[in-house]
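Engineer: Handing you a structure now.
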Amino acid sequence: MADNLFVTGVEPRSGKSAIVLGLMQLLLRDIQKVAFFRPIINSSESSAKDHDINLVLNQFNLDMRYSETFSFTMQKAREMINQGQHEALLEKILNDFSSLQSRFDFILCEGTDFLGSDPAFEFDINADIAANLGCPVLLVCNAQKKTQEEIVASSLLTIESFEDKGLDILAAVINRVEDVDGTNMVEELRQKIRCPECFPIYVIPEEPKLGKPTVSDVVKWLDARVLYGGDMLSNLVDTYVIAAMQLGNFLNYIERGSLVITPGDRSDIILGSLASRLSTNYPDISGILLTGGLDPSESVRKLIEGWVGAPIPILIAEGHTYKTARILYDLYGRIEPGDQNKIQSALRVFEEHVDLPELRTKLVAAKPTTVTPKMFEFSLILKAKAKKQHIVLPEGTGERIMRAADILLRRGVVDLTLLGKESDIRTKMSQLNLELDGVRIVEPGKSENYEDYVNTYYELRKHKGIREEDARDRMLDPTFYSTMMVHKGHADGMVSGSITTTQQTIRPAFEIIKTRPGSSIVSSVFFMCLKDRVLVYGDCAVNPNPTAEELAEIALSSAETAQLFGIEPRIAMLSYSTGDSGKGLDVEKVIKATAIAHERAPHLLLEGPLQYDAAVDIEVAHTKMPDSAVAGRATVFIFPDLNTGNNTYKAVQRSAQAVAIGPVLQGLNKPINDLSRGCTVPDIVNTVAITAIQAQAVKKG
């Protein structure tokens with residue numbers, strides 16, 4: 001079951017707060033501990049509470065502090081993004097969300113209100129947040145004051161825009177529909193969307209009690225004073241009528257639910273409005289708003305007070321008539337905390353027009369199908385910290401290595417050993433203004449373990465003609481020494497390669513660590529961090545021309561690695577042929593490898609041969625392999641040889657500006673991982689975290 005849901009619209013006043021109420025009630029029927037989270041709220045004042053948060057917390061008595069229900073105000077979020085701090089914004093939201101996940105079984109998230117002047121900005125930030133939180137999305141489309149043609153067009157644009165962002169749509173709600181046949185509208189929309197059966201579409205009609213403001217709302221917006229009729233503030237306001245003409249003409253303009261706006265010294269309008277409320281020949285107005293801060297004359301007040309209770313509420317506002325009217329035209333109906341009439345109406349409408357069993361089933365079945373780069377990076381750190389491991393970095397004097405070590409130690413991700421001459425490392429630390437509290441520094445030739453490591457290596461390799469003096473030389477090499485640390489259990493994993501080749505990094509592993517039981521080869525994967533997802537590419541670094549049996553093993557190892565890091569494996573065995581569209585020895589090898597992998601792991605979603613476009617593009621997949629559970633949705637891509645894999649990962653890395661993390665080695669008894677010589681500090685941090693997670697898995701068995 002999904003443990004979260006993101007509710008968002010793309011227009012203001014879509015009525016999503018009513019949808020949130022219905023969803024929260026639905027969730028609380030089955031789940032004991034549900035949290036409510038709005039990553040970005042519109043309130044700009046620290047003292048002003050967000051309306052929807054206040055509504056949900058009060059109605060459902062959630063065990064949450066207000067301060068933990070949001071991360072940023074819209075103003076602060078804009079400032080951070082304009083200052084290039086988009087990553088910091090997402091990381092704070094992910095941290096806050098993760099903190100709630102540790103305490104609650106489900107988190108219902110709500111997007112921004114689209115009340116600003118830049119809806120494109122809000123659309124992008126909502127989609128970005130939903131993707132990085134790993135939330136399926138429930139879309140709320142605003143149908144208010146639109147024709148069926150307009151509703152279908154705007155709903156289709158909304159749905160396709162979120163699909164293009166790679167988000168999983170759980171359901172769509174077309175809300176506030178007026179005078180439109182919902183069945184015909186949904187049928188027309190289903191004919192136009194890409195996947196008409198992928199998610200349900202619900203239509204909820206306009207409910208006047210929810211969409212229109214009450215006289216009480218007017219009081220709050222204007223900070224008005226209630227002169228009479230305080231027990232009738234729940235009257236709905238349908239329209240505003242500014243009374244500037246003579247009484248006889250003014251009465252022709254009042255409608256049912258009108259709020260009459262007039263200066264406080266217009267006794268004729270006041271008395272005429274009150275009289276209209278008592279007359280069966282005129283529609284019932286909702287109230288009178290007196291402007292200019294002017295109280296009615298004493299004689300008029302005496303007349304009103306002589307009635308047995310004023311028939312309508314009468315309010316006084318300080319501003320002049322034009323200013324007051326301008327403010328009121330921006331007023332819209334909201335469901336206020338404690339207003340049980342509106343709350344219960346909202347819940348009733350939701351339950352009447354949403355198929356609750358169907359939606360509950362969709363929630364149970366929903367789970368994220370993509371992992372974004374930020375989600376992936378954040379999860380790496382969390383998983384590595386959960387059970388801290390000891391990682392050795394043989395290139396201890398490198399600036400990038402030392403800066404990465406500083407980050408890892410400050411965040412408490414791993415315990416670290418740096419190899420190198422201690423005086424050199426300490427001097428470099430001082431120059432870089434790094435403290436590296438808790439780091440262990442080892443100079444191989446002066447280590448207390450040096451002799452033991454020499455003897456161990458000699459015993460392991462003497463059958464290959466290695467002499468004892470060769471073993472001594474090997475153990476002076478930082479990469480060989482650190483690999484021996486892992487072999488002996490003095491470290492849990494090793495990361496190297498920022499200044500050495502892949503061959504120099506992995507050769508000691510082949511000689512000392514060796515392959516784990518059940519693995520005949522060591523292979524590798526790259527985690528390809530694209531803009532909106534993380535894919536797994538294998539093997540792009542180790543095996544030049546694997547056999548069909550080896551290719552099958554690479555596929556199974558890559559699936560296991562993907563699963564270890566939270567990526568659901570849907571494996572595409574790549575070729576220049578999709579299905580039986582092509583022939584040749586290379587295609588036959590992929591067909592055979594696919595069959596072997598299926599036989600060894602029938603539970604895995606695995607398809608081959610597939611061309612890359614059919615593996616990654618859902619529309620191409622519908623044409624070339626429409627019944628495949630993998631085509632168009634692949635997350636793990638297995639290349640037929642090193643030439644293809646290495647060139648492809650580099651092409652994607654450069655052309656799509658993707659971050660490639662790896663190569664991550666798989667098939668070894670203990671984790672050893674390689675860095676690119678062009679690696680950045682974040683690359684090193686991520687690779688160390690990956691190595692730590694692999695070490696956790698090794699210990700777990």
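Residue numbering restarts at 1 for every chain of the structure tokens, chains are lettered A, B, ... in their displayed order, and ligands are numbered from 1 as they appear.
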Residues at most 9 Å from stretch 416-419 of chain A, counting only C-alpha atoms, excluding those fewer than 4 positions away in the same chain, as a PyMOL selection string?

Structural biologist: chain A and resi 389-397+401-402+405+408-409+425+438-444+478+481-482+491

Engineer: As a VMD selection string, please: the residues near A:Asn184 (cut-off 12 Å, only C-alpha atoms, same-chain neighbours under 5 positions excluded).

Structural biologist: chain A and resid 148 to 149 151 to 152 189 to 191 203

Engineer: Any idea what's packed within 7 Å of stretch 533-542 of chain A, counting only C-alpha atoms, ignoring anything in its chain fewer than 3 positions away? Could you give it as a PyMOL selection string?

Structural biologist: chain A and resi 370-373+523-530+554+558+562+635-639+642+645-646+663

Engineer: Could you take the residues named above and write them with N, CA, C and O atoms, as a CSV table (one decimal), in the first residue's frame?

Structural biologist:
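Contents of result30.csv, as written:
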chain,number,residue,atom,x,y,z
A,370,THR,N,8.6,5.3,-9.8
A,370,THR,CA,9.8,6.0,-10.2
A,370,THR,C,10.5,6.5,-8.9
A,370,THR,O,9.9,6.8,-7.9
A,371,VAL,N,11.8,6.6,-9.0
A,371,VAL,CA,12.6,7.2,-7.9
A,371,VAL,C,13.4,8.4,-8.5
A,371,VAL,O,14.1,8.2,-9.5
A,372,THR,N,13.2,9.6,-8.0
A,372,THR,CA,13.9,10.7,-8.5
A,372,THR,C,15.3,10.8,-7.9
A,372,THR,O,15.6,10.2,-6.9
A,373,PRO,N,16.2,11.6,-8.6
A,373,PRO,CA,17.5,11.7,-8.1
A,373,PRO,C,17.6,12.2,-6.6
A,373,PRO,O,18.4,11.7,-5.8
A,523,SER,N,30.4,-7.9,-11.9
A,523,SER,CA,29.9,-7.0,-12.9
A,523,SER,C,29.7,-5.6,-12.2
A,523,SER,O,30.0,-5.4,-11.0
A,524,SER,N,29.1,-4.7,-13.0
A,524,SER,CA,28.9,-3.4,-12.4
A,524,SER,C,27.6,-2.8,-12.9
A,524,SER,O,27.0,-3.2,-14.0
A,525,VAL,N,27.1,-1.8,-12.2
A,525,VAL,CA,26.0,-1.0,-12.7
A,525,VAL,C,26.3,0.5,-12.4
A,525,VAL,O,27.1,0.8,-11.6
A,526,PHE,N,25.7,1.4,-13.2
A,526,PHE,CA,25.7,2.8,-12.9
A,526,PHE,C,24.2,3.2,-12.6
A,526,PHE,O,23.3,2.7,-13.2
A,527,PHE,N,24.1,4.0,-11.5
A,527,PHE,CA,22.8,4.6,-11.2
A,527,PHE,C,22.8,5.9,-12.0
A,527,PHE,O,23.6,6.8,-11.8
A,528,MET,N,21.9,5.9,-13.0
A,528,MET,CA,21.8,7.1,-13.9
A,528,MET,C,20.7,8.0,-13.4
A,528,MET,O,19.5,7.7,-13.5
A,529,CYS,N,21.1,9.1,-12.8
A,529,CYS,CA,20.2,10.1,-12.2
A,529,CYS,C,19.7,11.1,-13.3
A,529,CYS,O,20.4,12.1,-13.5
A,530,LEU,N,18.6,10.8,-13.9
A,530,LEU,CA,18.0,11.7,-14.9
A,530,LEU,C,17.2,12.8,-14.1
A,530,LEU,O,17.2,12.8,-12.9
A,554,ILE,N,24.4,-11.0,-14.9
A,554,ILE,CA,24.4,-9.6,-14.8
A,554,ILE,C,23.0,-9.0,-14.5
A,554,ILE,O,22.8,-8.1,-13.7
A,558,SER,N,22.0,-7.2,-11.2
A,558,SER,CA,21.5,-5.8,-11.3
A,558,SER,C,20.1,-5.6,-10.7
A,558,SER,O,19.9,-4.5,-10.1
A,562,ALA,N,19.3,-3.0,-7.7
A,562,ALA,CA,18.3,-2.0,-7.8
A,562,ALA,C,17.3,-2.1,-6.6
A,562,ALA,O,17.0,-1.1,-6.0
A,635,THR,N,13.2,0.0,-15.6
A,635,THR,CA,14.1,0.7,-14.7
A,635,THR,C,15.5,0.2,-14.7
A,635,THR,O,16.4,0.9,-14.2
A,636,VAL,N,15.7,-1.1,-15.1
A,636,VAL,CA,17.0,-1.7,-15.2
A,636,VAL,C,17.3,-2.1,-16.6
A,636,VAL,O,16.5,-2.8,-17.2
A,637,PHE,N,18.4,-1.6,-17.2
A,637,PHE,CA,18.7,-1.8,-18.6
A,637,PHE,C,20.0,-2.6,-18.7
A,637,PHE,O,21.1,-2.2,-18.2
A,638,ILE,N,19.9,-3.8,-19.3
A,638,ILE,CA,21.1,-4.7,-19.4
A,638,ILE,C,21.6,-4.6,-20.8
A,638,ILE,O,20.9,-5.0,-21.8
A,639,PHE,N,22.8,-4.1,-21.0
A,639,PHE,CA,23.4,-4.0,-22.3
A,639,PHE,C,24.1,-5.2,-22.7
A,639,PHE,O,24.7,-6.0,-21.9
A,642,LEU,N,30.1,-4.5,-23.4
A,642,LEU,CA,30.7,-3.3,-22.7
A,642,LEU,C,30.8,-2.2,-23.7
A,642,LEU,O,30.6,-1.0,-23.3
A,645,GLY,N,27.3,-0.6,-23.7
A,645,GLY,CA,27.0,-0.1,-22.4
A,645,GLY,C,27.8,1.1,-22.0
A,645,GLY,O,27.2,2.2,-21.6
A,646,ASN,N,29.1,1.1,-22.2
A,646,ASN,CA,29.9,2.2,-21.8
A,646,ASN,C,29.6,3.4,-22.7
A,646,ASN,O,29.5,4.6,-22.1
A,663,PRO,N,31.1,3.2,-11.4
A,663,PRO,CA,30.4,1.9,-11.4
A,663,PRO,C,30.3,1.3,-10.0
A,663,PRO,O,31.3,1.4,-9.2

Engineer: Can you tell me, as a list of chain:residue names, what residues are no more than 10 Å from A:Tyr282 when counting only C-alpha atoms, ignoring any on the same chain fewer than 5 positions away?

Structural biologist: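 Final neighbour list, sorted by chain and number: A:Leu251, A:Asn252, A:Ile254, A:Glu255, A:Arg256, A:Ser273, A:Ala275, A:Ser276, A:Arg277.
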
Engineer: Quick one: residues within 10 Å of A:Lys428, only C-alpha atoms counted, chain neighbours fewer than 3 positions away excluded, as a list of chain:residue names?

Structural biologist: A:Thr397, A:Gly398, A:Glu399, A:Met402, A:Glu422, A:Ser423, A:Asp424, A:Ile425, A:Gln431, A:Leu432, A:Asn433, A:Leu434

Engineer: Which residues in stretch 543-618 of chain A does DSSP call alpha helix (DSSP H)? List them as JSON, numbers by chain.

Structural biologist: {"A": [548, 549, 550, 551, 552, 553, 554, 555, 556, 557, 558, 559, 560, 561, 562, 563, 564, 585, 586, 587, 588, 589, 590, 591, 592, 593, 594, 595, 596, 597, 598, 599, 600, 612, 613, 614, 615, 616, 618]}

Engineer: I want to know what sits within 10 Å of A:Lys383, based on only C-alpha atoms, with residues of the same chain fewer than 6 positions away left out; could you give that as an MDAnalysis selection string?

Structural biologist: chainID A and resid 413 565 689:690 692:693 696

Engineer: Emit the selected residues as an mmCIF file, in the first residue's frame, including all heavy atoms.

Structural biologist:
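Listing of out_6.cif after writing:
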data_model
loop_
_atom_site.group_PDB
_atom_site.id
_atom_site.type_symbol
_atom_site.label_atom_id
_atom_site.label_comp_id
_atom_site.auth_asym_id
_atom_site.auth_seq_id
_atom_site.Cartn_x
_atom_site.Cartn_y
_atom_site.Cartn_z
ATOM 1 N N VAL A 413 27.226 9.704 8.580
ATOM 2 C CA VAL A 413 26.809 8.651 7.646
ATOM 3 C C VAL A 413 27.596 7.364 7.882
ATOM 4 O O VAL A 413 27.021 6.267 7.899
ATOM 5 C CB VAL A 413 26.990 9.133 6.190
ATOM 6 C CG1 VAL A 413 26.562 8.047 5.209
ATOM 7 C CG2 VAL A 413 26.196 10.405 5.944
ATOM 8 N N PHE A 565 18.467 -0.670 -3.353
ATOM 9 C CA PHE A 565 18.476 0.785 -3.255
ATOM 10 C C PHE A 565 17.116 1.413 -3.559
ATOM 11 O O PHE A 565 17.032 2.579 -3.929
ATOM 12 C CB PHE A 565 19.561 1.355 -4.171
ATOM 13 C CG PHE A 565 20.942 1.012 -3.696
ATOM 14 C CD1 PHE A 565 21.631 -0.064 -4.229
ATOM 15 C CD2 PHE A 565 21.536 1.725 -2.672
ATOM 16 C CE1 PHE A 565 22.890 -0.402 -3.766
ATOM 17 C CE2 PHE A 565 22.793 1.393 -2.203
ATOM 18 C CZ PHE A 565 23.480 0.331 -2.745
ATOM 19 N N ALA A 689 28.138 6.129 0.564
ATOM 20 C CA ALA A 689 26.864 5.702 1.143
ATOM 21 C C ALA A 689 26.389 4.395 0.512
ATOM 22 O O ALA A 689 25.895 3.490 1.206
ATOM 23 C CB ALA A 689 25.811 6.797 0.964
ATOM 24 N N ILE A 690 26.528 4.271 -0.807
ATOM 25 C CA ILE A 690 26.166 3.029 -1.505
ATOM 26 C C ILE A 690 26.977 1.859 -0.961
ATOM 27 O O ILE A 690 26.443 0.772 -0.697
ATOM 28 C CB ILE A 690 26.384 3.192 -3.022
ATOM 29 C CG1 ILE A 690 25.276 4.055 -3.618
ATOM 30 C CG2 ILE A 690 26.448 1.842 -3.733
ATOM 31 C CD1 ILE A 690 25.519 4.471 -5.050
ATOM 32 N N ALA A 692 28.349 1.558 1.944
ATOM 33 C CA ALA A 692 27.900 1.252 3.305
ATOM 34 C C ALA A 692 26.618 0.420 3.294
ATOM 35 O O ALA A 692 26.461 -0.523 4.083
ATOM 36 C CB ALA A 692 27.683 2.547 4.075
ATOM 37 N N ILE A 693 25.699 0.756 2.379
ATOM 38 C CA ILE A 693 24.443 -0.003 2.290
ATOM 39 C C ILE A 693 24.722 -1.427 1.819
ATOM 40 O O ILE A 693 24.117 -2.396 2.312
ATOM 41 C CB ILE A 693 23.457 0.728 1.359
ATOM 42 C CG1 ILE A 693 23.067 2.078 1.976
ATOM 43 C CG2 ILE A 693 22.215 -0.117 1.106
ATOM 44 C CD1 ILE A 693 22.380 3.022 1.016
ATOM 45 N N GLN A 696 25.947 -3.341 4.740
ATOM 46 C CA GLN A 696 24.837 -3.742 5.611
ATOM 47 C C GLN A 696 24.188 -5.024 5.094
ATOM 48 O O GLN A 696 23.868 -5.940 5.871
ATOM 49 C CB GLN A 696 23.787 -2.625 5.682
ATOM 50 C CG GLN A 696 24.238 -1.367 6.386
ATOM 51 C CD GLN A 696 23.241 -0.224 6.212
ATOM 52 O OE1 GLN A 696 22.238 -0.350 5.505
ATOM 53 N NE2 GLN A 696 23.527 0.906 6.842
#

Engineer: Quick one: everything within 9 Å of stretch 317-332 of chain A, counting only C-alpha atoms, minus sequence neighbours fewer than 4 positions away in the same chain. Send it as a list in words.

Structural biologist: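 The neighbour list is Arg13, Gly211, Lys212, Pro213, Thr214, Asp217, Val218, Val219, Trp221, Leu222, Asp223, Ala224, Arg225, Tyr240, Ile242, Ile261, Thr262, Pro263, Leu289, Leu290, Thr291, Gly292, Gly293 and Leu294 of chain A.
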